[in-house]
Structures are given as C-alpha cells and as structure tokens.
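Raw run_0.cif, mmCIF, C-alpha atoms and all ligand atoms:
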```
data_model
#
loop_
_atom_site.label_atom_id
_atom_site.label_comp_id
_atom_site.auth_asym_id
_atom_site.auth_seq_id
_atom_site.Cartn_x
_atom_site.Cartn_y
_atom_site.Cartn_z
CA MET A 134 13.51 -3.46 16.93
CA ASN A 135 10.84 -5.86 15.73
CA HIS A 136 7.70 -3.80 15.61
CA ASP A 137 5.68 -6.72 14.22
CA LYS A 138 6.00 -8.35 17.65
CA THR A 139 4.12 -5.38 19.16
CA LEU A 140 1.50 -5.68 16.46
CA ARG A 141 1.12 -9.43 17.06
CA GLU A 142 0.59 -8.82 20.78
CA LYS A 143 -2.20 -6.37 20.04
CA LEU A 144 -3.77 -8.84 17.62
CA LEU A 145 -3.53 -11.61 20.19
CA GLN A 146 -5.42 -9.47 22.70
CA ARG A 147 -8.18 -9.01 20.13
CA SER A 148 -8.22 -12.70 19.36
CA GLU A 149 -8.49 -13.61 23.04
CA GLY A 150 -11.45 -11.26 23.38
CA ASN A 151 -13.12 -12.91 20.35
CA LEU A 152 -12.77 -9.56 18.56
CA LEU A 153 -10.30 -10.23 15.79
CA ARG A 154 -11.39 -8.65 12.53
CA GLU A 155 -10.67 -10.80 9.49
CA LEU A 156 -11.49 -10.37 5.82
CA GLN A 157 -13.82 -12.93 4.33
CA VAL A 158 -14.88 -13.91 0.85
CA ALA A 159 -18.41 -15.22 1.14
CA ASP A 160 -18.90 -16.81 -2.28
CA GLY A 161 -22.19 -18.58 -2.78
CA LEU A 162 -23.83 -17.38 0.44
CA ILE A 163 -27.19 -15.60 0.48
CA ASP A 164 -26.49 -11.93 1.08
CA PHE A 165 -28.23 -10.69 4.23
CA CYS A 166 -25.30 -8.50 5.04
CA SER A 167 -24.38 -5.89 2.42
CA ASN A 168 -25.86 -2.40 2.20
CA ASP A 169 -26.84 -3.02 -1.41
CA TYR A 170 -30.49 -2.65 -0.40
CA LEU A 171 -31.89 -2.22 -3.91
CA GLY A 172 -29.56 -4.68 -5.63
CA PHE A 173 -27.99 -1.97 -7.82
CA ALA A 174 -24.47 -3.19 -7.02
CA ARG A 175 -25.20 -6.55 -8.64
CA SER A 176 -27.32 -5.30 -11.55
CA GLU A 177 -25.81 -6.62 -14.79
CA LYS A 178 -27.92 -4.20 -16.81
CA LEU A 179 -26.68 -1.20 -14.84
CA ALA A 180 -23.10 -2.46 -15.12
CA GLU A 181 -23.42 -2.65 -18.91
CA GLN A 182 -25.00 0.81 -19.11
CA ILE A 183 -22.15 2.25 -17.04
CA VAL A 184 -19.49 0.74 -19.28
CA SER A 185 -21.16 1.80 -22.51
CA ALA A 186 -22.20 5.34 -21.46
CA LYS A 187 -20.23 8.02 -23.28
CA VAL A 188 -19.42 11.29 -21.58
CA ASP A 189 -18.81 14.28 -23.82
CA GLY A 190 -15.56 16.13 -23.33
CA VAL A 191 -14.01 13.71 -20.82
CA ILE A 192 -10.51 12.66 -21.85
CA ASN A 193 -9.51 10.67 -18.76
CA LEU A 194 -11.46 7.47 -19.35
CA VAL A 195 -9.71 5.38 -16.68
CA GLY A 196 -8.78 7.56 -13.70
CA SER A 197 -9.62 11.20 -13.15
CA GLY A 198 -5.94 12.15 -13.25
CA ALA A 199 -5.84 14.54 -10.28
CA SER A 200 -7.85 16.15 -7.52
CA ARG A 201 -10.83 18.23 -8.57
CA LEU A 202 -8.94 21.45 -7.87
CA ILE A 203 -6.12 20.41 -10.21
CA SER A 204 -7.52 18.74 -13.34
CA GLY A 205 -9.96 16.14 -11.98
CA ASN A 206 -13.10 18.21 -12.39
CA ASN A 207 -15.54 17.78 -15.29
CA HIS A 208 -19.09 18.61 -16.41
CA LEU A 209 -20.49 15.23 -15.35
CA ILE A 210 -19.49 15.47 -11.68
CA GLU A 211 -20.87 19.01 -11.51
CA ARG A 212 -24.06 17.88 -13.21
CA ILE A 213 -24.49 15.09 -10.64
CA GLU A 214 -24.07 17.64 -7.85
CA SER A 215 -26.78 19.84 -9.34
CA GLU A 216 -29.08 16.88 -9.90
CA VAL A 217 -28.68 15.57 -6.34
CA ALA A 218 -29.24 19.05 -4.90
CA GLU A 219 -32.41 19.41 -6.96
CA PHE A 220 -33.57 15.86 -6.08
CA VAL A 221 -33.33 16.43 -2.32
CA ALA A 222 -34.35 20.11 -2.40
CA ALA A 223 -31.03 21.55 -1.23
CA GLU A 224 -29.32 24.70 -2.47
CA ASP A 225 -26.11 22.99 -3.50
CA ALA A 226 -24.01 19.84 -3.20
CA LEU A 227 -20.39 18.69 -3.18
CA ILE A 228 -19.23 15.17 -4.02
CA PHE A 229 -16.60 13.29 -1.99
CA ASN A 230 -14.83 10.00 -2.65
CA SER A 231 -16.72 8.22 0.15
CA GLY A 232 -19.04 8.85 3.08
CA TYR A 233 -16.06 8.43 5.36
CA SER A 234 -14.21 11.17 3.55
CA ALA A 235 -17.33 13.39 3.48
CA ASN A 236 -17.69 13.18 7.25
CA LEU A 237 -13.97 13.78 7.86
CA SER A 238 -14.27 16.78 5.58
CA PHE A 239 -17.34 18.34 7.13
CA PHE A 240 -16.53 17.83 10.79
CA GLY A 241 -12.83 18.47 10.29
CA CYS A 242 -13.34 21.97 8.94
CA VAL A 243 -16.86 23.36 9.21
CA PRO A 244 -17.24 23.67 13.01
CA GLN A 245 -14.65 26.23 14.14
CA ARG A 246 -12.74 26.85 17.36
CA GLY A 247 -15.31 28.13 19.88
CA ASP A 248 -18.11 26.10 18.24
CA VAL A 249 -19.60 23.00 19.84
CA VAL A 250 -20.71 19.72 18.27
CA PHE A 251 -23.27 17.49 19.98
CA TYR A 252 -23.44 13.98 18.58
CA ASP A 253 -25.61 10.96 19.31
CA GLU A 254 -23.66 8.37 21.28
CA LEU A 255 -24.22 5.81 18.47
CA ILE A 256 -23.04 8.11 15.71
CA HIS A 257 -20.93 6.56 12.95
CA ALA A 258 -17.15 6.30 13.40
CA SER A 259 -16.52 8.58 10.41
CA ILE A 260 -18.28 11.44 12.22
CA ARG A 261 -16.34 10.81 15.43
CA ASP A 262 -13.10 10.79 13.45
CA GLY A 263 -14.09 14.01 11.69
CA ILE A 264 -14.87 15.69 15.01
CA LYS A 265 -11.43 14.64 16.31
CA LEU A 266 -9.80 16.40 13.35
CA GLY A 267 -11.67 19.63 13.99
CA LEU A 268 -11.16 22.38 16.54
CA ALA A 269 -14.64 22.53 18.05
CA ARG A 270 -15.49 21.07 21.48
CA SER A 271 -17.74 18.03 21.32
CA TYR A 272 -20.14 16.15 23.59
CA SER A 273 -22.20 13.03 23.08
CA PHE A 274 -25.85 12.72 24.12
CA ASN A 275 -27.83 9.58 24.92
CA HIS A 276 -29.04 7.69 21.90
CA ASN A 277 -32.07 9.41 20.32
CA SER A 278 -32.67 11.43 23.51
CA ILE A 279 -33.61 15.01 22.81
CA GLU A 280 -34.08 15.48 26.57
CA ASP A 281 -30.45 14.55 27.21
CA LEU A 282 -29.36 16.83 24.36
CA LYS A 283 -31.32 19.72 25.86
CA SER A 284 -29.94 19.19 29.35
CA LYS A 285 -26.36 19.04 28.03
CA ILE A 286 -26.80 22.14 25.90
CA ALA A 287 -28.07 23.96 28.97
CA THR A 288 -24.72 23.39 30.71
CA ILE A 289 -22.51 25.03 28.07
CA SER A 290 -22.15 28.58 26.87
CA PRO A 291 -20.52 28.43 23.45
CA SER A 292 -19.03 31.54 21.92
CA GLY A 293 -19.79 30.27 18.42
CA SER A 294 -22.19 28.01 16.57
CA VAL A 295 -23.68 24.79 17.91
CA PHE A 296 -24.00 21.73 15.67
CA VAL A 297 -26.16 18.70 16.41
CA VAL A 298 -25.49 15.56 14.41
CA VAL A 299 -27.73 12.52 14.05
CA GLU A 300 -28.28 9.71 11.55
CA SER A 301 -31.72 9.34 10.01
CA ILE A 302 -31.32 5.56 10.26
CA TYR A 303 -28.57 4.33 12.56
CA SER A 304 -26.18 1.97 10.87
CA MET A 305 -25.99 -0.60 13.68
CA ASP A 306 -29.42 -0.48 15.31
CA GLY A 307 -31.39 0.52 12.22
CA ASP A 308 -33.58 2.80 14.36
CA SER A 309 -34.25 6.52 13.87
CA PRO A 310 -34.42 9.67 15.97
CA ASP A 311 -37.63 11.67 16.15
CA LEU A 312 -36.30 13.86 13.37
CA ILE A 313 -39.21 16.31 13.47
CA ARG A 314 -38.57 17.07 17.15
CA PHE A 315 -34.81 17.35 16.64
CA ALA A 316 -35.26 19.62 13.62
CA ASN A 317 -37.82 21.86 15.34
CA TYR A 318 -35.73 22.13 18.48
CA CYS A 319 -32.59 22.99 16.50
CA PHE A 320 -34.40 25.43 14.25
CA ASP A 321 -36.16 27.22 17.12
CA ASN A 322 -32.89 27.55 19.06
CA GLY A 323 -30.55 28.53 16.24
CA LEU A 324 -28.64 25.21 16.31
CA HIS A 325 -27.25 23.66 13.13
CA LEU A 326 -28.71 20.20 12.53
CA VAL A 327 -26.60 17.83 10.44
CA VAL A 328 -28.17 14.55 9.31
CA ASP A 329 -26.25 11.56 7.97
CA GLU A 330 -28.69 9.93 5.54
CA ALA A 331 -26.41 7.02 4.55
CA HIS A 332 -29.02 4.36 5.34
CA SER A 333 -32.18 6.23 4.39
CA PHE A 334 -31.20 7.67 1.03
CA GLY A 335 -32.59 5.38 -1.67
CA LEU A 336 -35.16 3.84 0.68
CA ILE A 337 -37.17 6.45 2.53
CA GLY A 338 -39.38 9.14 1.00
CA GLU A 339 -40.52 9.69 -2.55
CA ASN A 340 -38.13 7.70 -4.76
CA GLY A 341 -35.68 7.41 -1.89
CA ARG A 342 -35.00 11.12 -1.38
CA GLY A 343 -34.23 10.38 2.27
CA MET A 344 -35.93 11.02 5.58
CA VAL A 345 -35.24 14.75 5.77
CA SER A 346 -37.05 15.31 2.48
CA ASP A 347 -39.77 12.84 3.37
CA LEU A 348 -40.55 14.86 6.50
CA LYS A 349 -40.10 18.17 4.64
CA LEU A 350 -37.36 19.28 6.99
CA GLU A 351 -34.92 20.50 4.35
CA HIS A 352 -35.07 24.14 5.50
CA LYS A 353 -34.52 23.12 9.14
CA THR A 354 -31.39 21.10 8.35
CA TYR A 355 -27.99 22.73 7.91
CA ALA A 356 -26.38 19.87 6.00
CA ARG A 357 -27.05 16.28 4.95
CA ILE A 358 -24.54 13.55 4.18
CA ILE A 359 -25.75 11.17 1.48
CA THR A 360 -23.64 8.17 0.57
CA PHE A 361 -23.64 6.34 -2.76
CA GLY A 362 -22.19 3.07 -1.44
CA LYS A 363 -25.41 1.81 0.14
CA ALA A 364 -28.77 1.85 -1.71
CA LEU A 365 -27.19 3.36 -4.81
CA GLY A 366 -24.84 0.38 -4.98
CA CYS A 367 -21.75 2.27 -6.13
CA HIS A 368 -19.22 4.53 -4.45
CA GLY A 369 -18.77 8.09 -3.19
CA ALA A 370 -20.90 10.52 -1.24
CA VAL A 371 -22.31 14.01 -1.36
CA ILE A 372 -22.89 16.73 1.21
CA VAL A 373 -25.86 18.94 0.49
CA GLY A 374 -26.36 22.35 2.06
CA SER A 375 -25.89 25.99 1.15
CA ARG A 376 -23.79 27.40 -1.69
CA ASP A 377 -21.50 28.98 0.91
CA LEU A 378 -21.01 25.62 2.60
CA ARG A 379 -19.98 24.08 -0.74
CA SER A 380 -17.48 26.88 -1.51
CA TYR A 381 -16.10 26.70 2.01
CA MET A 382 -15.50 22.95 1.81
CA ILE A 383 -13.80 23.29 -1.58
CA ASN A 384 -11.38 25.66 0.14
CA PHE A 385 -10.89 24.07 3.55
CA ALA A 386 -11.87 20.38 3.51
CA ARG A 387 -8.55 18.56 3.35
CA PRO A 388 -9.96 15.11 2.40
CA PHE A 389 -11.60 16.87 -0.57
CA ILE A 390 -8.62 19.00 -1.60
CA TYR A 391 -5.79 16.49 -1.30
CA THR A 392 -7.14 13.44 -3.08
CA THR A 393 -7.65 12.23 -6.63
CA ALA A 394 -11.24 12.77 -7.76
CA LEU A 395 -13.65 9.87 -8.35
CA SER A 396 -12.95 8.06 -11.61
CA ILE A 397 -15.25 8.63 -14.56
CA HIS A 398 -16.51 5.07 -14.10
CA ASP A 399 -17.58 5.89 -10.55
CA GLN A 400 -19.18 9.12 -11.72
CA LYS A 401 -21.14 7.31 -14.42
CA ALA A 402 -22.24 4.72 -11.86
CA VAL A 403 -23.57 7.44 -9.57
CA HIS A 404 -25.25 9.26 -12.44
CA LEU A 405 -26.97 6.19 -13.86
CA GLY A 406 -27.75 4.87 -10.37
CA LEU A 407 -29.59 8.11 -9.57
CA LYS A 408 -31.46 7.87 -12.86
CA LYS A 409 -32.50 4.30 -12.05
CA LEU A 410 -33.56 5.31 -8.54
CA ARG A 411 -35.71 8.15 -9.86
CA ALA A 412 -37.40 5.79 -12.32
CA LEU A 413 -38.18 3.05 -9.76
CA ASN A 414 -41.75 2.31 -8.83
CA PHE A 415 -41.36 2.10 -5.05
CA LYS A 416 -44.84 0.64 -4.58
CA GLN A 417 -43.76 -2.43 -6.54
CA LEU A 418 -40.57 -3.12 -4.62
CA ASN A 419 -40.13 -6.63 -3.29
CA LEU A 420 -37.95 -5.23 -0.48
CA PHE A 421 -40.86 -3.60 1.34
CA ARG A 422 -42.86 -6.83 1.22
CA LEU A 423 -39.87 -8.76 2.57
CA LEU A 424 -39.46 -6.31 5.45
CA GLN A 425 -43.05 -7.06 6.42
CA VAL A 426 -42.43 -10.82 6.13
CA PHE A 427 -39.39 -10.42 8.35
CA ASN A 428 -41.21 -8.29 10.94
CA ASP A 429 -44.11 -10.73 11.13
CA GLY A 430 -41.86 -13.80 11.23
CA ALA A 431 -39.48 -12.37 13.83
CA GLY A 432 -42.41 -11.14 15.94
CA ASN A 433 -44.17 -14.52 15.86
CA ALA A 434 -40.93 -16.28 16.74
CA GLY A 435 -40.39 -13.95 19.71
CA LEU A 436 -37.06 -12.65 18.41
CA GLN A 437 -35.80 -9.40 19.91
CA ALA A 438 -35.53 -7.33 16.72
CA ILE A 439 -34.89 -3.58 16.94
CA PRO A 440 -37.70 -1.78 15.03
CA SER A 441 -36.49 0.06 11.94
CA ALA A 442 -37.91 2.26 9.19
CA GLY A 443 -35.15 1.06 6.87
CA ALA A 444 -33.81 -2.28 5.67
CA ILE A 445 -31.57 -3.06 8.66
CA ARG A 446 -32.89 -5.56 11.17
CA SER A 447 -30.77 -6.19 14.24
CA ILE A 448 -31.56 -9.18 16.41
CA LEU A 449 -30.15 -8.96 19.89
CA ILE A 450 -28.15 -12.01 20.95
CA PRO A 451 -26.38 -10.85 24.11
CA GLY A 452 -22.77 -11.93 24.62
CA ASN A 453 -19.92 -11.83 22.12
CA SER A 454 -19.51 -15.58 22.00
CA ARG A 455 -23.24 -16.28 21.52
CA ALA A 456 -23.53 -13.69 18.76
CA LYS A 457 -20.39 -15.01 17.06
CA MET A 458 -21.65 -18.60 17.31
CA MET A 459 -24.94 -17.57 15.73
CA GLU A 460 -23.04 -15.90 12.88
CA GLN A 461 -21.05 -19.08 12.31
CA LYS A 462 -24.14 -21.26 12.44
CA LEU A 463 -25.93 -19.09 9.88
CA PHE A 464 -22.83 -19.12 7.69
CA SER A 465 -22.78 -22.90 7.75
CA LYS A 466 -26.41 -22.89 6.58
CA GLY A 467 -25.59 -20.60 3.67
CA PHE A 468 -26.64 -17.22 5.10
CA TRP A 469 -24.25 -14.31 5.04
CA VAL A 470 -24.95 -12.19 8.12
CA LYS A 471 -22.70 -10.23 10.47
CA ALA A 472 -22.39 -10.50 14.22
CA ILE A 473 -21.81 -7.09 15.78
CA LEU A 474 -19.87 -7.46 18.99
CA SER A 475 -19.01 -5.27 21.95
CA PRO A 476 -17.28 -2.83 22.16
CA THR A 477 -18.65 -1.83 18.72
CA VAL A 478 -22.03 -2.02 20.51
CA PRO A 479 -22.49 -1.79 24.31
CA GLU A 480 -22.01 -4.98 26.32
CA GLY A 481 -25.28 -6.94 26.42
CA LYS A 482 -26.41 -5.42 23.09
CA GLU A 483 -24.44 -7.79 20.87
CA ARG A 484 -26.45 -8.75 17.84
CA ILE A 485 -26.80 -10.27 14.43
CA ARG A 486 -27.19 -7.45 11.93
CA ILE A 487 -29.38 -8.46 9.02
CA CYS A 488 -29.92 -6.36 5.91
CA LEU A 489 -32.74 -7.19 3.58
CA HIS A 490 -32.52 -6.56 -0.14
CA GLU A 491 -34.67 -6.27 -3.20
CA PHE A 492 -33.09 -9.49 -4.52
CA ASN A 493 -33.78 -11.66 -1.45
CA THR A 494 -36.78 -13.96 -1.59
CA ARG A 495 -39.62 -14.65 0.81
CA SER A 496 -38.47 -18.23 1.30
CA GLU A 497 -34.91 -17.08 2.07
CA VAL A 498 -36.25 -14.73 4.73
CA GLU A 499 -38.47 -17.41 6.25
CA LYS A 500 -35.61 -19.93 6.28
CA LEU A 501 -33.29 -17.39 7.88
CA ILE A 502 -35.73 -16.74 10.73
CA LYS A 503 -36.30 -20.46 11.24
CA CYS A 504 -32.57 -21.04 11.34
CA ILE A 505 -32.06 -18.30 13.96
CA CYS A 506 -34.78 -19.87 16.11
CA ASP A 507 -33.40 -23.44 15.86
CA GLU A 508 -30.81 -22.90 18.60
C1 LIG A 601 -23.95 6.34 8.86
C2 LIG A 601 -22.79 6.19 7.96
N1 LIG A 601 -22.12 7.27 7.56
C3 LIG A 601 -21.05 7.20 6.75
C4 LIG A 601 -20.59 5.98 6.30
C5 LIG A 601 -19.38 5.91 5.44
O1 LIG A 601 -19.78 5.80 4.10
P1 LIG A 601 -18.81 5.15 3.01
O2 LIG A 601 -18.97 3.68 3.14
O3 LIG A 601 -19.29 5.70 1.72
O4 LIG A 601 -17.43 5.59 3.35
C6 LIG A 601 -21.26 4.82 6.66
C7 LIG A 601 -20.78 3.51 6.18
O5 LIG A 601 -20.73 2.53 6.83
C8 LIG A 601 -22.38 4.91 7.52
O6 LIG A 601 -23.04 3.83 7.93
#
```
Now, as a test, write the supplied structure out as structure tokens.
Amino acid sequence: MNHDKTLREKLLQRSEGNLLRELQVADGLIDFCSNDYLGFARSEKLAEQIVSAKVDGVINLVGSGASRLISGNNHLIERIESEVAEFVAAEDALIFNSGYSANLSFFGCVPQRGDVVFYDELIHASIRDGIKLGLARSYSFNHNSIEDLKSKIATISPSGSVFVVVESIYSMDGDSPDLIRFANYCFDNGLHLVVDEAHSFGLIGENGRGMVSDLKLEHKTYARIITFGKALGCHGAVIVGSRDLRSYMINFARPFIYTTALSIHDQKAVHLGLKKLRALNFKQLNLFRLLQVFNDGAGNAGLQAIPSAGAIRSILIPGNSRAKMMEQKLFSKGFWVKAILSPTVPEGKERIRICLHEFNTRSEVEKLIKCICDE
C-alpha cells in the first residue's frame, strides 16, 4: 500500500553505497564544475541583450504556446536553424528543447528495425536511452577502439543501415576518439557516423564550430548533435544533417512532435549566443591559457589527469569514498567540483571532474591543484 516505503528502501541502498544523488546550491563557491565553458551563462551583458532584443512578428513573448507543429514555430527559430547549418557546413538543422531530447529523438526514430547501432561504451546516457526507444539492434564497442568496432561489425550481417555513434569530447573523461579514422572507416564502408558534439561545440575549431568541422569531416558524418546548454550557456540543442533527415524527424521524432517549443527567450539566447560566439577572438581567450596552466600544474604535481582537447579535466582518485572525500574537501576550501563515482564510471576509475572556464583565474587554478595535492 505504501509505495514510499519501497522508494525509501531503494534510496537507502544508494546511500549505503555512497551513491545517493542530492541537489545542491553552491552559492559563493568557485565554479570548476559547470559546462559554462565560455562564461556566457553568467554574462550580464548577454542577459540584458536577450531581454531587450525585439523579434518581429512574434506574439508569444513569454512561452511559445504550443509545439512547433501546432503554433510554436516562428521565423527566428527557423533562422537559427539555417544559421547553425551554415556555421557548421551542414545541409540543414532541426532544433530540440535539449540535448537529451535531441538524442532521444534521433536514436528513437532514425535507425529502423533491421538496422544496427554501434555505440562507444562511454556514450552519454541520452544516447543509450534513445537507442532503447528505437527498434534497431545495438552493440557497444570498447572506448575509442576502432579495432573493437571493426571486429564487432565483422560478426553481424545487418539487413539495413549501420550507425556508429561517438562523442567528439566525452563528457566524463574529456578525451576524444580518433575522429579522422572513425570517419574514414565509416565513409569507406557505407556506415553512418553520428557525432555528439556537446562538449566540443563552442570550443574546438574556428570560432567553436566543433571537432567535425575542425577536421573537415562534415561530408563523412551522417549527423551531429550540438547542444546549447554547454559552451553557449543557454538551453536547447540542434541536430544537423541532410534536409531529408530534418523532414523525417519533424514527422517521426516523438520528443520533437509532442512538446511545447522553446520559449522566445530561449530562442533569443541561442541566437545572440551564436552571434557572440562568432564574434569571439579565440586567440585571446583566457580559457586556453588556463588549460595550459592546469596541464602544467597537474603534470608537475604528478596528478593522474586524463588528457583532453576540451575544457574537461578528470583527475583519477580511485574508490568512491576517496573521490567523495576529495569533493568534500575541495568544497570546504571554496571550490565547486564534482566527484564522479562508480557505477557512473567503471570501478577504479572514480574521479574528480573539473571544468575550466573563461572566467576562472590563474590563481584559482593553481590553488585548486595545490589543494588536491595537500591530501
Ligand atoms: C555528450 C552529451 N550529450 C547530450 C547531453 C544532453 O544535453 P542537454 O543537457 O542539453 O540535455 C549531454 C549533457 O550532459 C552530454 O554531455
């Protein structure tokens, strides 16, 4: 009768394993944790521009009023789609309310029965959840291992299309696949490569176009997922690919069809965020200097940091309780970092995940490293 008792038992199990998730408000701490790599989310100037920007012809100034297929569509959202497609050299683009929803949409409806999806074993949960919604068979391959992918592909004989999905920068480890090899292999063998660019868009390539564009692999990639909640500092996501892919998702992607469209405020944030990104002088960014400071400092201190092309730096601190204790210690010293525990990561690979930002300072980075070392 009392279902809450069942829920409490489950929570207790989590608690006993040191795995209870709890919401926190980290007022006053130095942010080494959010994905706001460029500081757009906290930009007062951008916030003012978003509020004061006027959009011709838009009546719904608060919410969008309905899904895009009902009355939630407008010229601005379509303009953003065209601009993103042009920016990253794709044929077309479709906006979703979040990266989570974009991945549910794509993997839930694009691969069909008889198709097969191969995904990296560290792929984001949103892609796994999308695959579960779809009708295609799926297999994981060892992290970043094209050899394992090849050997697994050799064992199947699909009647339909084969999709391979990777992230250009992995959200937990911050590392990258050898995207050129993956793209060439997929292209040469008629496989459809899908790249989640959540953590590289806004950071990698000319004005943050992402890793696929940086490596000029656009024509060897079937689709890319780009999220707006990380370097762009706002909310939503876009899938870029062919015009047919866009039309298909408008017709079959349930998380796109059955939800209220992004509000005009969110749309303005994306639009102005993209404008700001395109105007940035990447050579002048403090973030890239800080990443070097971090790499040098962590290297000199002998910390086990996973190398990354992006702004995520994971320091391995094996054992859930050790990683958790480190998180708490850093909290008490004013640093906001996250411990990532098993089973989110494999046992023995527990870590402190650190994100560096444009707004962090050299002395903050140096103090953080010192604090990690003072065990
Ligand atoms: C690789 C990757 N894909 C997709 C998402 C989901 O994006 P969003 O936060 O916009 O839902 C995330 C967010 O954590 C991510 O890291």
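Rounded to one decimal, atom CA of A:Asp377 and atom CA of A:Gly267 lie 18.8 Å from each other.
Across the model, the gap from atom CA of A:Arg484 to atom CA of A:Asp507 is 16.4 Å.
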Proximity to A:Glu300 - best of A:Gly443, A:Asn317, A:Arg376, A:Asp399, only C-alpha atoms: A:Gly443
7 Å from ligand LIG 601 (chain A) is the threshold here; counting all atoms listed in the file, which polymer residues fall inside it? Answer as a PDB file with C-alpha atoms, in the coordinates of the input.
```pdb
ATOM      1  CA  SER A 231     -16.720   8.220   0.150  1.00  0.00           C
ATOM      2  CA  GLY A 232     -19.040   8.850   3.080  1.00  0.00           C
ATOM      3  CA  TYR A 233     -16.060   8.430   5.360  1.00  0.00           C
ATOM      4  CA  SER A 234     -14.210  11.170   3.550  1.00  0.00           C
ATOM      5  CA  ASN A 236     -17.690  13.180   7.250  1.00  0.00           C
ATOM      6  CA  HIS A 257     -20.930   6.560  12.950  1.00  0.00           C
ATOM      7  CA  SER A 259     -16.520   8.580  10.410  1.00  0.00           C
ATOM      8  CA  GLU A 300     -28.280   9.710  11.550  1.00  0.00           C
ATOM      9  CA  TYR A 303     -28.570   4.330  12.560  1.00  0.00           C
ATOM     10  CA  SER A 304     -26.180   1.970  10.870  1.00  0.00           C
ATOM     11  CA  ASP A 329     -26.250  11.560   7.970  1.00  0.00           C
ATOM     12  CA  GLU A 330     -28.690   9.930   5.540  1.00  0.00           C
ATOM     13  CA  ALA A 331     -26.410   7.020   4.550  1.00  0.00           C
ATOM     14  CA  HIS A 332     -29.020   4.360   5.340  1.00  0.00           C
ATOM     15  CA  THR A 360     -23.640   8.170   0.570  1.00  0.00           C
ATOM     16  CA  PHE A 361     -23.640   6.340  -2.760  1.00  0.00           C
ATOM     17  CA  GLY A 362     -22.190   3.070  -1.440  1.00  0.00           C
ATOM     18  CA  HIS A 368     -19.220   4.530  -4.450  1.00  0.00           C
ATOM     19  CA  GLY A 369     -18.770   8.090  -3.190  1.00  0.00           C
ATOM     20  CA  ALA A 370     -20.900  10.520  -1.240  1.00  0.00           C
TER      21      ALA A 370
END
```
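A straight line drawn from atom CA of A:Ser301 to atom CA of A:Ala472 is 22.3 Å long.
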For A:Gly430, which residue out of A:Thr139, A:Ser496, A:Thr393, A:Ser380 is the nearest one, using only C-alpha atoms? A:Ser496
How big is the axis-aligned box, and where does its centre sit, when it encloses all atoms of stretch 343-355 of chain A listed in the file and has 5 Å added on every side, reported in Å to one decimal as JSON?
```
{"center_x": -34.3, "center_y": 17.3, "center_z": 5.7, "size_x": 22.6, "size_y": 23.8, "size_z": 16.9}
```
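Using all atoms listed in the file, the shortest contact distance between A:Ala356 and any of A:Val243, A:Arg455, A:Tyr252, A:Ala434 is found at A:Val243.
With distances restricted to all atoms listed in the file, A:Leu171 is the closest residue to A:Leu413 from A:Leu171, A:Leu378, A:Leu474, A:Ala258.
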Excluding same-chain residues fewer than 3 positions from stretch 194-197 of chain A, what lies within 7 Å of it counting only C-alpha atoms, as a count of residues only? 7
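The shortest atom-to-atom distance to A:Asp164, with only C-alpha atoms taken into account, belongs to A:Glu491 out of A:Asp311, A:Glu499, A:Asp137, A:Glu491.
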